[in-house]
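**Student:** Sharing model_39.csv (CSV, C-alpha atoms) below.
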chain,number,residue,atom,x,y,z
E,1,MET,CA,-22.1,-13.7,11.9
E,2,ILE,CA,-19.8,-12.4,9.2
E,3,CYS,CA,-16.8,-12.6,11.5
E,4,ALA,CA,-17.7,-16.2,12.4
E,5,CYS,CA,-18.0,-17.2,8.7
E,6,VAL,CA,-14.6,-15.6,7.9
E,7,LEU,CA,-12.9,-17.3,10.9
E,8,ALA,CA,-14.4,-20.7,9.9
E,9,SER,CA,-13.2,-20.2,6.3
E,10,VAL,CA,-9.7,-19.2,7.5
E,11,THR,CA,-9.5,-22.2,9.8
E,12,LEU,CA,-10.6,-24.6,7.0
E,13,LEU,CA,-8.1,-23.1,4.5
E,14,ARG,CA,-5.3,-23.5,6.9
E,15,LEU,CA,-5.8,-27.2,6.9
E,16,LEU,CA,-5.0,-27.4,3.2
E,17,PRO,CA,-1.6,-27.4,1.4
E,18,ARG,CA,-0.5,-24.0,0.2
E,19,ARG,CA,-0.9,-25.0,-3.5
E,20,ALA,CA,-4.5,-25.9,-2.9
E,21,VAL,CA,-5.2,-22.7,-1.1
E,22,LEU,CA,-3.6,-20.7,-3.9
E,23,LEU,CA,-5.6,-22.4,-6.6
E,24,THR,CA,-8.8,-22.0,-4.6
E,25,LEU,CA,-8.5,-18.3,-3.9
E,26,ARG,CA,-7.1,-17.5,-7.4
E,27,GLY,CA,-10.2,-19.1,-8.7
E,28,MET,CA,-12.4,-17.1,-6.4
E,29,GLY,CA,-10.5,-13.9,-7.6
E,30,LEU,CA,-11.2,-14.8,-11.2
E,31,ALA,CA,-14.8,-15.5,-10.4
E,32,ALA,CA,-15.1,-12.1,-8.8
E,33,PHE,CA,-13.7,-10.5,-11.9
E,34,HIS,CA,-16.5,-12.0,-14.0
E,35,LEU,CA,-19.3,-11.7,-11.5
E,36,VAL,CA,-18.7,-8.4,-9.6
E,37,ARG,CA,-19.4,-6.0,-12.5
E,38,SER,CA,-18.8,-2.8,-10.5
E,39,LYS,CA,-15.3,-3.9,-9.4
E,40,ARG,CA,-14.4,-5.1,-12.9
E,41,LEU,CA,-15.5,-1.9,-14.6
E,42,ARG,CA,-13.7,0.2,-12.0
E,43,ALA,CA,-10.4,-1.7,-12.6
E,44,LEU,CA,-10.8,-1.5,-16.3
E,45,ARG,CA,-11.6,2.3,-16.1
E,46,HIS,CA,-8.6,3.0,-13.9
E,47,LEU,CA,-6.2,1.0,-16.0
E,48,SER,CA,-7.4,2.8,-19.1
E,49,MET,CA,-7.0,6.2,-17.4
E,50,ALA,CA,-3.4,5.3,-16.4
E,51,LEU,CA,-2.1,3.1,-19.2
E,52,GLY,CA,-4.6,3.4,-22.0
E,53,HIS,CA,-2.3,5.5,-24.1
E,54,GLU,CA,0.4,2.8,-24.0
E,55,LYS,CA,-1.5,-0.5,-23.7
E,56,SER,CA,-4.1,-2.0,-26.1
E,57,SER,CA,-7.6,-2.8,-24.9
E,58,PRO,CA,-6.8,-6.6,-24.8
E,59,ASP,CA,-3.8,-5.8,-22.7
E,60,ILE,CA,-5.8,-3.7,-20.3
E,61,TYR,CA,-8.4,-6.5,-20.0
E,62,ARG,CA,-5.7,-9.1,-19.4
E,63,ILE,CA,-4.0,-7.0,-16.7
E,64,ALA,CA,-7.3,-6.4,-14.9
E,65,ARG,CA,-8.1,-10.1,-14.9
E,66,GLN,CA,-4.7,-10.9,-13.6
E,67,VAL,CA,-5.2,-8.3,-10.8
E,68,PHE,CA,-8.2,-10.2,-9.5
E,69,SER,CA,-6.4,-13.5,-9.7
E,70,ASN,CA,-3.3,-12.1,-8.0
E,71,PHE,CA,-5.5,-10.6,-5.2
E,72,GLY,CA,-6.7,-14.2,-4.6
E,73,ALA,CA,-3.1,-15.4,-4.3
E,74,PHE,CA,-2.3,-12.5,-1.9
E,75,ALA,CA,-5.3,-13.4,0.3
E,76,ALA,CA,-4.2,-17.0,0.3
E,77,ASP,CA,-0.7,-16.3,1.5
E,78,ALA,CA,-2.0,-13.7,4.0
E,79,ILE,CA,-4.2,-16.4,5.5
E,80,LEU,CA,-1.3,-18.9,5.6
E,81,ILE,CA,1.2,-16.5,7.2
E,82,PRO,CA,1.4,-18.6,10.4
E,83,HIS,CA,2.4,-21.7,8.3
E,84,ILE,CA,4.7,-19.6,6.1
E,85,ILE,CA,6.5,-18.4,9.2
E,86,GLY,CA,6.7,-21.9,10.7
E,87,ASN,CA,8.1,-23.3,7.4
E,88,GLY,CA,10.7,-20.5,7.2
E,89,ILE,CA,9.5,-17.2,5.7
E,90,HIS,CA,12.9,-16.5,4.3
E,91,GLU,CA,12.6,-19.6,2.1
E,92,LEU,CA,9.8,-18.0,0.3
E,93,ILE,CA,11.0,-14.4,0.1
E,94,THR,CA,14.2,-12.8,-1.3
E,95,ALA,CA,15.1,-9.1,-0.8
E,96,GLU,CA,17.3,-6.4,-2.1
E,97,GLY,CA,18.3,-3.0,-0.6
E,98,VAL,CA,18.0,-4.2,3.0
E,99,GLU,CA,21.2,-2.3,3.9
E,100,HIS,CA,19.1,0.8,4.1
E,101,LEU,CA,17.0,-0.8,6.9
E,102,ASP,CA,19.9,-2.5,8.6
E,103,GLU,CA,21.8,0.8,9.0
E,104,LEU,CA,18.8,2.5,10.6
E,105,SER,CA,18.1,-0.5,12.8
E,106,ARG,CA,21.7,-0.7,14.1
E,107,ASN,CA,21.4,3.0,15.1
E,108,SER,CA,17.9,2.5,16.6
E,109,GLU,CA,16.8,5.2,14.2
E,110,GLY,CA,13.1,5.3,13.5
E,111,ALA,CA,11.9,5.9,9.9
E,112,ILE,CA,8.8,5.8,7.7
E,113,LEU,CA,8.4,2.8,5.4
E,114,LEU,CA,6.3,3.8,2.4
E,115,THR,CA,4.4,0.9,0.8
E,116,ALA,CA,1.1,0.4,-1.0
E,117,HIS,CA,-1.8,-2.0,-1.7
E,118,PHE,CA,0.7,-3.7,-3.9
E,119,GLY,CA,1.7,-7.3,-3.8
E,120,ASN,CA,1.2,-9.0,-0.5
E,121,TRP,CA,1.6,-6.1,2.0
E,122,GLU,CA,0.5,-8.3,4.9
E,123,LEU,CA,3.3,-10.7,4.2
E,124,LEU,CA,5.7,-7.8,3.9
E,125,GLY,CA,4.9,-6.8,7.5
E,126,ALA,CA,5.5,-10.4,8.7
E,127,TRP,CA,8.9,-10.6,6.9
E,128,LEU,CA,10.1,-7.3,8.4
E,129,ALA,CA,9.2,-8.5,11.9
E,130,LYS,CA,10.8,-11.9,11.4
E,131,ARG,CA,14.0,-10.3,10.1
E,132,GLY,CA,14.2,-8.5,13.5
E,133,TYR,CA,13.1,-5.0,12.7
E,134,LYS,CA,10.8,-3.2,15.1
E,135,VAL,CA,7.7,-2.4,13.0
E,136,LYS,CA,4.3,-0.8,13.5
E,137,ALA,CA,1.8,-0.3,10.7
E,138,ILE,CA,-0.8,2.5,10.3
E,139,GLY,CA,-4.0,1.5,8.5
E,140,ALA,CA,-7.7,2.2,8.2
E,141,ALA,CA,-10.0,0.3,10.5
E,142,HIS,CA,-12.3,-2.3,8.9
E,143,ASN,CA,-16.0,-1.5,9.2
E,144,ASN,CA,-16.7,-4.8,10.9
E,145,GLN,CA,-15.2,-4.6,14.4
E,146,GLY,CA,-14.9,-8.4,14.6
E,147,ILE,CA,-12.8,-8.6,11.4
E,148,ASN,CA,-10.8,-5.6,12.6
E,149,ARG,CA,-9.8,-7.5,15.7
E,150,MET,CA,-9.0,-10.6,13.7
E,151,ILE,CA,-6.7,-8.5,11.4
E,152,ALA,CA,-5.0,-6.8,14.4
E,153,ASN,CA,-4.5,-10.2,16.2
E,154,ALA,CA,-3.1,-11.8,13.0
E,155,ARG,CA,-0.6,-8.9,12.7
E,156,GLU,CA,0.5,-9.2,16.3
E,157,THR,CA,0.9,-13.0,15.9
E,158,SER,CA,3.2,-12.2,12.9
E,159,GLY,CA,5.3,-10.0,15.1
E,160,TYR,CA,4.2,-6.4,14.4
E,161,GLN,CA,1.4,-4.1,15.5
E,162,SER,CA,-1.2,-2.1,13.6
E,163,MET,CA,-2.5,1.3,14.6
E,164,GLU,CA,-5.7,2.9,13.4
E,165,ARG,CA,-5.1,5.9,11.2
E,166,GLY,CA,-5.7,9.2,13.0
E,167,ASN,CA,-6.0,7.8,16.5
E,168,HIS,CA,-2.4,7.1,17.7
E,169,THR,CA,-0.3,10.2,17.2
E,170,ARG,CA,1.5,9.9,20.6
E,171,GLU,CA,2.1,6.2,20.1
E,172,ILE,CA,3.6,6.9,16.7
E,173,LEU,CA,5.9,9.5,18.0
E,174,ARG,CA,6.9,7.3,20.9
E,175,ALA,CA,7.6,4.3,18.6
E,176,LEU,CA,9.7,6.5,16.3
E,177,ALA,CA,11.8,7.7,19.2
E,178,GLU,CA,12.3,4.0,20.2
E,179,GLY,CA,13.6,3.2,16.7
E,180,TYR,CA,10.5,1.6,15.2
E,181,PHE,CA,9.8,1.6,11.5
E,182,ILE,CA,6.3,3.0,10.8
E,183,GLY,CA,4.7,1.4,7.8
E,184,VAL,CA,2.2,3.6,5.8
E,185,LEU,CA,0.1,3.0,2.8
E,186,ILE,CA,-1.1,6.3,1.2
E,187,ASP,CA,-2.0,5.1,-2.3
E,188,GLN,CA,-5.7,5.2,-1.4
E,189,GLU,CA,-7.6,8.4,-0.4
E,190,THR,CA,-8.5,8.7,3.3
E,191,LYS,CA,-10.3,11.3,5.4
E,192,THR,CA,-7.0,13.0,6.3
E,193,ASP,CA,-5.2,16.1,5.3
E,194,GLY,CA,-3.8,15.9,1.8
E,195,VAL,CA,-2.6,17.7,-1.3
E,196,PHE,CA,-3.0,17.2,-5.0
E,197,VAL,CA,-0.1,15.5,-6.8
E,198,LYS,CA,0.4,13.9,-10.2
E,199,PHE,CA,-0.3,10.2,-10.5
E,200,PHE,CA,-0.1,8.6,-14.0
E,201,ASN,CA,-0.4,12.1,-15.4
E,202,ARG,CA,-3.6,12.8,-13.5
E,203,ARG,CA,-4.3,14.9,-10.4
E,204,ALA,CA,-4.8,12.8,-7.3
E,205,TYR,CA,-5.4,13.7,-3.7
E,206,MET,CA,-2.8,12.1,-1.4
E,207,PRO,CA,-2.4,12.2,2.4
E,208,VAL,CA,0.5,14.3,3.7
E,209,GLY,CA,0.9,12.6,7.0
E,210,PRO,CA,4.2,10.9,6.2
E,211,VAL,CA,5.8,14.1,4.8
E,212,ARG,CA,4.5,16.1,7.8
E,213,LEU,CA,6.2,13.7,10.2
E,214,ALA,CA,9.4,13.6,8.2
E,215,ARG,CA,9.5,17.4,8.0
E,216,LYS,CA,8.8,17.9,11.7
E,217,TYR,CA,11.1,15.2,13.1
E,218,GLY,CA,13.8,14.8,10.4
E,219,LEU,CA,12.8,11.3,9.5
E,220,LYS,CA,13.6,9.3,6.4
E,221,ILE,CA,10.9,8.0,4.1
E,222,ILE,CA,12.0,4.7,2.5
E,223,PRO,CA,9.9,3.1,-0.2
E,224,ILE,CA,9.5,-0.7,0.1
E,225,PHE,CA,7.5,-3.0,-2.0
E,226,ILE,CA,6.8,-6.8,-2.2
E,227,ARG,CA,5.8,-8.5,-5.4
E,228,LEU,CA,4.7,-12.0,-6.4
E,229,ARG,CA,6.8,-13.9,-8.9
E,230,SER,CA,5.5,-16.4,-11.4
E,231,ASN,CA,6.7,-19.3,-9.3
E,232,HIS,CA,4.7,-18.1,-6.3
E,233,THR,CA,7.7,-16.8,-4.4
E,234,TYR,CA,8.1,-13.2,-3.5
E,235,HIS,CA,10.7,-10.5,-3.9
E,236,ILE,CA,11.1,-7.4,-1.8
E,237,GLU,CA,12.6,-4.2,-3.1
E,238,VAL,CA,13.9,-1.6,-0.6
E,239,THR,CA,14.9,1.6,-2.4
E,240,ASN,CA,17.0,4.6,-1.4
E,241,PRO,CA,15.4,7.0,1.0
E,242,LEU,CA,13.4,9.7,-0.8
E,243,PRO,CA,15.5,12.9,-1.4
E,244,LEU,CA,13.2,15.0,0.6
E,245,VAL,CA,13.5,18.8,0.2
E,246,PHE,CA,12.4,21.1,3.1
E,247,THR,CA,12.3,24.8,3.0
E,248,LYS,CA,10.5,27.6,4.9
E,249,ASP,CA,7.5,27.1,2.7
E,250,LYS,CA,5.5,24.3,4.5
E,251,LYS,CA,2.7,24.1,2.0
E,252,ARG,CA,5.1,23.8,-1.0
E,253,ASP,CA,7.2,21.2,0.9
E,254,PHE,CA,4.1,19.1,1.4
E,255,ILE,CA,3.3,19.1,-2.3
E,256,VAL,CA,6.9,18.6,-3.6
E,257,ASN,CA,7.7,15.7,-1.2
E,258,THR,CA,4.3,14.1,-1.4
E,259,GLN,CA,4.8,14.1,-5.2
E,260,MET,CA,8.0,12.1,-4.5
E,261,CYS,CA,5.9,9.5,-2.7
E,262,SER,CA,3.5,9.4,-5.6
E,263,ASP,CA,6.4,9.0,-8.1
E,264,ALA,CA,7.7,6.1,-6.1
E,265,TYR,CA,4.3,4.4,-6.3
E,266,GLU,CA,3.9,5.1,-10.0
E,267,LYS,CA,7.4,3.7,-10.8
E,268,MET,CA,6.7,0.4,-9.2
E,269,ILE,CA,3.0,0.1,-10.3
E,270,ARG,CA,4.0,0.9,-13.9
E,271,GLU,CA,6.5,-1.9,-13.9
E,272,TYR,CA,4.2,-4.4,-12.4
E,273,PRO,CA,0.6,-3.2,-13.0
E,274,GLU,CA,-0.9,-6.6,-12.3
E,275,GLN,CA,0.1,-6.4,-8.6
E,276,TRP,CA,-1.8,-3.2,-7.6
E,277,LEU,CA,-5.4,-3.1,-6.6
E,278,TRP,CA,-6.9,-1.1,-9.5
E,279,MET,CA,-10.4,-2.0,-8.4
E,280,MET,CA,-10.3,0.1,-5.3
E,281,ARG,CA,-11.7,3.6,-5.2
E,282,ARG,CA,-8.7,5.6,-6.1
E,283,ARG,CA,-9.6,9.3,-5.5
E,284,GLN,CA,-12.9,11.0,-4.7
E,285,THR,CA,-11.6,14.4,-3.7
E,286,GLN,CA,-11.5,16.7,-6.8
E,287,PRO,CA,-9.7,20.0,-7.4
E,288,VAL,CA,-11.8,23.1,-6.8
E,289,SER,CA,-13.3,24.3,-10.0
E,290,SER,CA,-11.5,27.3,-11.6
E,291,SER,CA,-14.8,29.2,-11.3
E,292,LYS,CA,-14.5,29.0,-7.5
E,293,VAL,CA,-12.1,30.3,-5.1
E,294,ARG,CA,-9.2,27.8,-5.0
E,295,SER,CA,-7.3,26.7,-2.0
E,296,GLU,CA,-3.7,27.9,-1.6
E,297,GLU,CA,-2.4,24.3,-2.0
E,298,TYR,CA,-4.2,23.7,-5.3
E,299,ALA,CA,-3.1,27.1,-6.6
E,300,VAL,CA,0.5,26.1,-5.9
E,301,TYR,CA,0.1,22.7,-7.5
E,302,GLU,CA,-1.7,24.1,-10.5
E,303,LYS,CA,1.4,26.0,-11.4
E,304,GLN,CA,3.3,22.7,-11.6
E,305,CYS,CA,1.1,20.9,-14.1
E,306,GLU,CA,-2.2,21.0,-15.8
E,307,THR,CA,-3.6,17.5,-15.9
E,308,PRO,CA,-7.0,15.8,-15.7
E,309,ALA,CA,-8.1,14.5,-12.3
E,310,TRP,CA,-8.6,10.9,-11.1
E,311,SER,CA,-12.2,9.9,-10.5
E,312,GLY,CA,-13.9,6.8,-9.1
Mind turning the file's structure into structure tokens?

**Tutor:**
Amino acid sequence: MICACVLASVTLLRLLPRRAVLLTLRGMGLAAFHLVRSKRLRALRHLSMALGHEKSSPDIYRIARQVFSNFGAFAADAILIPHIIGNGIHELITAEGVEHLDELSRNSEGAILLTAHFGNWELLGAWLAKRGYKVKAIGAAHNNQGINRMIANARETSGYQSMERGNHTREILRALAEGYFIGVLIDQETKTDGVFVKFFNRRAYMPVGPVRLARKYGLKIIPIFIRLRSNHTYHIEVTNPLPLVFTKDKKRDFIVNTQMCSDAYEKMIREYPEQWLWMMRRRQTQPVSSSKVRSEEYAVYEKQCETPAWSG
């Protein structure tokens, strides 16, 4: 039933001009900000935890409100991806730093693309595919199987494939060997192995999967982000590969290099805070209390910095 309603809504919205869809879903995003109290309060709390020492309360409120409005715009363009591709996706999107991807692609060298729930990540995947890169994305499965199939089909129509997190290790390794870029989003806690790193001066639990792959197979991790501009076009930034450091100490390597991933996230989010989903549950896993026996990983991290933990 839910899947049928979503499909009907998507079909209807695709009959409308892009401007109308953007206005409609931006309006729905603003309505959600005012009506869905739990999401609004979580966004305000997270923004205050991260930026409260440098932003005023009115600024925090304004950014949170804009986050919901922007999410509506991202949803609108995600729905309209078939039309955007048909009308010329490169007319809507500019990019910088693509030489990092071009060099790897020419050499059929696989790599990990580090992105986030920032800007229009679905449109980013479509842009990568239409530019000719071989791409597969790792993501969490939706609770509703029908919607999960819709998302997977939409991505395949856009030219790239999605793989459920934790279920496709062999496929990932085979794809990397064939020169695919593997897109990952690790800015949200998942039920996978992770370590504590610093994120906006607070401890946060972040998956180590990308660093584990990079360490074992000598892969590059390249941050890439897409952001919405005020004129409703997009800009993609591909940065230099992270300067990963690998030693004989695997646990420390996981922490040091996953911290680099966290720093890449924080740098982009700090510059454009209205483009990240502050309303999502950031981190639930908490460091072990000092009154208990601590894990080796946390003990290593604790020596690096003493900071409060993320919550909610």

**Student:** Extract, using all atoms listed in the file, all DNA, RNA and protein residues at most 12 Å from Arg215 in chain E, discarding same-chain residues fewer than 3 positions from it, and format them as a PyMOL selection string.

**Tutor:** chain E and resi 111-112+208-212+218-221+244-254+256-258

**Student:** Quick one: contact table of range 65-122 of chain E to range 148-161 of chain E, 10 Å max, nearest atom pair and distance in Å to one decimal per residue, counting all atoms listed in the file, chain and number order, as a tab-separated table?

**Tutor:**
residue	atom	partner	partner_atom	distance
E:Ala78	CA	E:Ala154	CA	9.3
E:Ile79	CA	E:Ala154	CA	8.9
E:Ile81	CA	E:Ser158	CA	7.4
E:Pro82	CA	E:Ser158	CA	7.1
E:Ile85	CA	E:Ser158	CA	7.9
E:Glu122	CA	E:Arg155	CA	7.9

**Student:** Please list, as a PyMOL selection string, the residues that have an atom at most 12 Å away from (-16.5, -11.4, 10.6) in the coordinates of this file, counting all atoms listed in the file.

**Tutor:** chain E and resi 1-10+142-151

**Student:** Could you check how far CA of Arg281 in chain E sits from CA of Gln188 in chain E, in Å to one decimal?

**Tutor:**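 Value for the CA of Arg281 in chain E-CA of Gln188 in chain E distance: 7.3 Å.
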
**Student:** With all atoms listed in the file as the basis for distance, which of E:Ala140, E:Val98, E:Leu92, E:Ala264 is at the shortest distance from Thr192 in chain E?

**Tutor:** E:Ala140

**Student:** Using all atoms listed in the file, what table do you get, as JSON lines, when you list each residue of range 51-133 of chain E with an atom no more than 12 Å from range 19-25 of chain E, its nearest pair of atoms, and their distance in Å rounded to one decimal, rows by chain then rising number?

**Tutor:**
{"residue": "E:Phe68", "atom": "CA", "partner": "E:Leu25", "partner_atom": "CA", "distance": 9.9}
{"residue": "E:Ser69", "atom": "CA", "partner": "E:Leu25", "partner_atom": "CA", "distance": 7.8}
{"residue": "E:Asn70", "atom": "CA", "partner": "E:Leu25", "partner_atom": "CA", "distance": 9.1}
{"residue": "E:Phe71", "atom": "CA", "partner": "E:Leu25", "partner_atom": "CA", "distance": 8.4}
{"residue": "E:Gly72", "atom": "CA", "partner": "E:Leu25", "partner_atom": "CA", "distance": 4.5}
{"residue": "E:Ala73", "atom": "CA", "partner": "E:Leu22", "partner_atom": "CA", "distance": 5.3}
{"residue": "E:Phe74", "atom": "CA", "partner": "E:Leu22", "partner_atom": "CA", "distance": 8.5}
{"residue": "E:Ala75", "atom": "CA", "partner": "E:Leu25", "partner_atom": "CA", "distance": 7.2}
{"residue": "E:Ala76", "atom": "CA", "partner": "E:Leu22", "partner_atom": "CA", "distance": 5.6}
{"residue": "E:Asp77", "atom": "CA", "partner": "E:Leu22", "partner_atom": "CA", "distance": 7.5}
{"residue": "E:Ala78", "atom": "CA", "partner": "E:Leu22", "partner_atom": "CA", "distance": 10.7}
{"residue": "E:Ile79", "atom": "CA", "partner": "E:Val21", "partner_atom": "CA", "distance": 9.2}
{"residue": "E:Leu80", "atom": "CA", "partner": "E:Val21", "partner_atom": "CA", "distance": 8.6}

**Student:** Write the selection just made, keeping C-alpha atoms, as a CSV table (one decimal), in the coordinates of the input?

**Tutor:**
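The result, stored in selection.csv:
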chain,number,residue,atom,x,y,z
E,68,PHE,CA,-8.2,-10.2,-9.5
E,69,SER,CA,-6.4,-13.5,-9.7
E,70,ASN,CA,-3.3,-12.1,-8.0
E,71,PHE,CA,-5.5,-10.6,-5.2
E,72,GLY,CA,-6.7,-14.2,-4.6
E,73,ALA,CA,-3.1,-15.4,-4.3
E,74,PHE,CA,-2.3,-12.5,-1.9
E,75,ALA,CA,-5.3,-13.4,0.3
E,76,ALA,CA,-4.2,-17.0,0.3
E,77,ASP,CA,-0.7,-16.3,1.5
E,78,ALA,CA,-2.0,-13.7,4.0
E,79,ILE,CA,-4.2,-16.4,5.5
E,80,LEU,CA,-1.3,-18.9,5.6

**Student:** If I take CA of Glu274 in chain E and CA of Ala204 in chain E, how far is one from the other in Å, to one decimal?

**Tutor:**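 Going from CA of Glu274 in chain E over to CA of Ala204 in chain E covers 20.4 Å.
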
**Student:** Which one is closest to Ala175 in chain E: E:Thr239, E:Thr94, E:Ser262, E:Ser108? Count all atoms listed in the file.

**Tutor:**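 Between E:Thr239, E:Thr94, E:Ser262, E:Ser108, the residue approaching Ala175 in chain E most closely is E:Ser108.
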
**Student:** Determine the nearest neighbour of Phe33 in chain E from the options E:Lys198, E:His53, E:His46, E:Arg62, counting all atoms listed in the file.

**Tutor:**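 Answer, going by the shortest atom-to-atom distance: E:Arg62.
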
**Student:** Can you work out which one of E:Gln66, E:Ser56, E:Gln259, E:Asn231 has the shortest atom-to-atom distance to Gly27 in chain E, counting all atoms listed in the file?

**Tutor:** E:Gln66

**Student:** Report the distance between CA of Pro241 in chain E and CA of Ala137 in chain E in Å, rounded to one decimal place.

**Tutor:** 18.2 Å

**Student:** Just the residues within 8 Å of range 183-186 of chain E, please, counting all atoms listed in the file, with nothing from its chain fewer than 5 positions along; format it as a PyMOL selection string.

**Tutor:** chain E and resi 112-117+135-139+206-207+210

**Student:** Which is closer to Glu91 in chain E than all the others in E:Tyr234, E:Met163, E:Lys55, E:Leu104, using all atoms listed in the file?

**Tutor:**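 Closest residue, counting all atoms listed in the file: E:Tyr234.
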
**Student:** So that I can see what lies close to range 276-279 of chain E, please list as an NGL selection string the residues with an atom at most 7 Å from it, counting all atoms listed in the file and leaving out residues fewer than 5 positions away in the same chain.

**Tutor:** :E and (39-40 or 42-43 or 46-47 or 67 or 117-119 or 269)

**Student:** Looking at all atoms listed in the file, which of E:Ala177, E:Val197, E:Ala64, E:Ile172 is the one that sits closest to Gly29 in chain E?

**Tutor:**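 Counting all atoms listed in the file, the residue closest to Gly29 in chain E is E:Ala64.
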
**Student:** So that I can check the surroundings of Lys267 in chain E, please list as a PyMOL selection string every protein, DNA and RNA residue that reaches within 12 Å of it, counting all atoms listed in the file and ignoring chain neighbours fewer than 6 positions away.

**Tutor:** chain E and resi 199-200+223-225+239+260-261+273+276
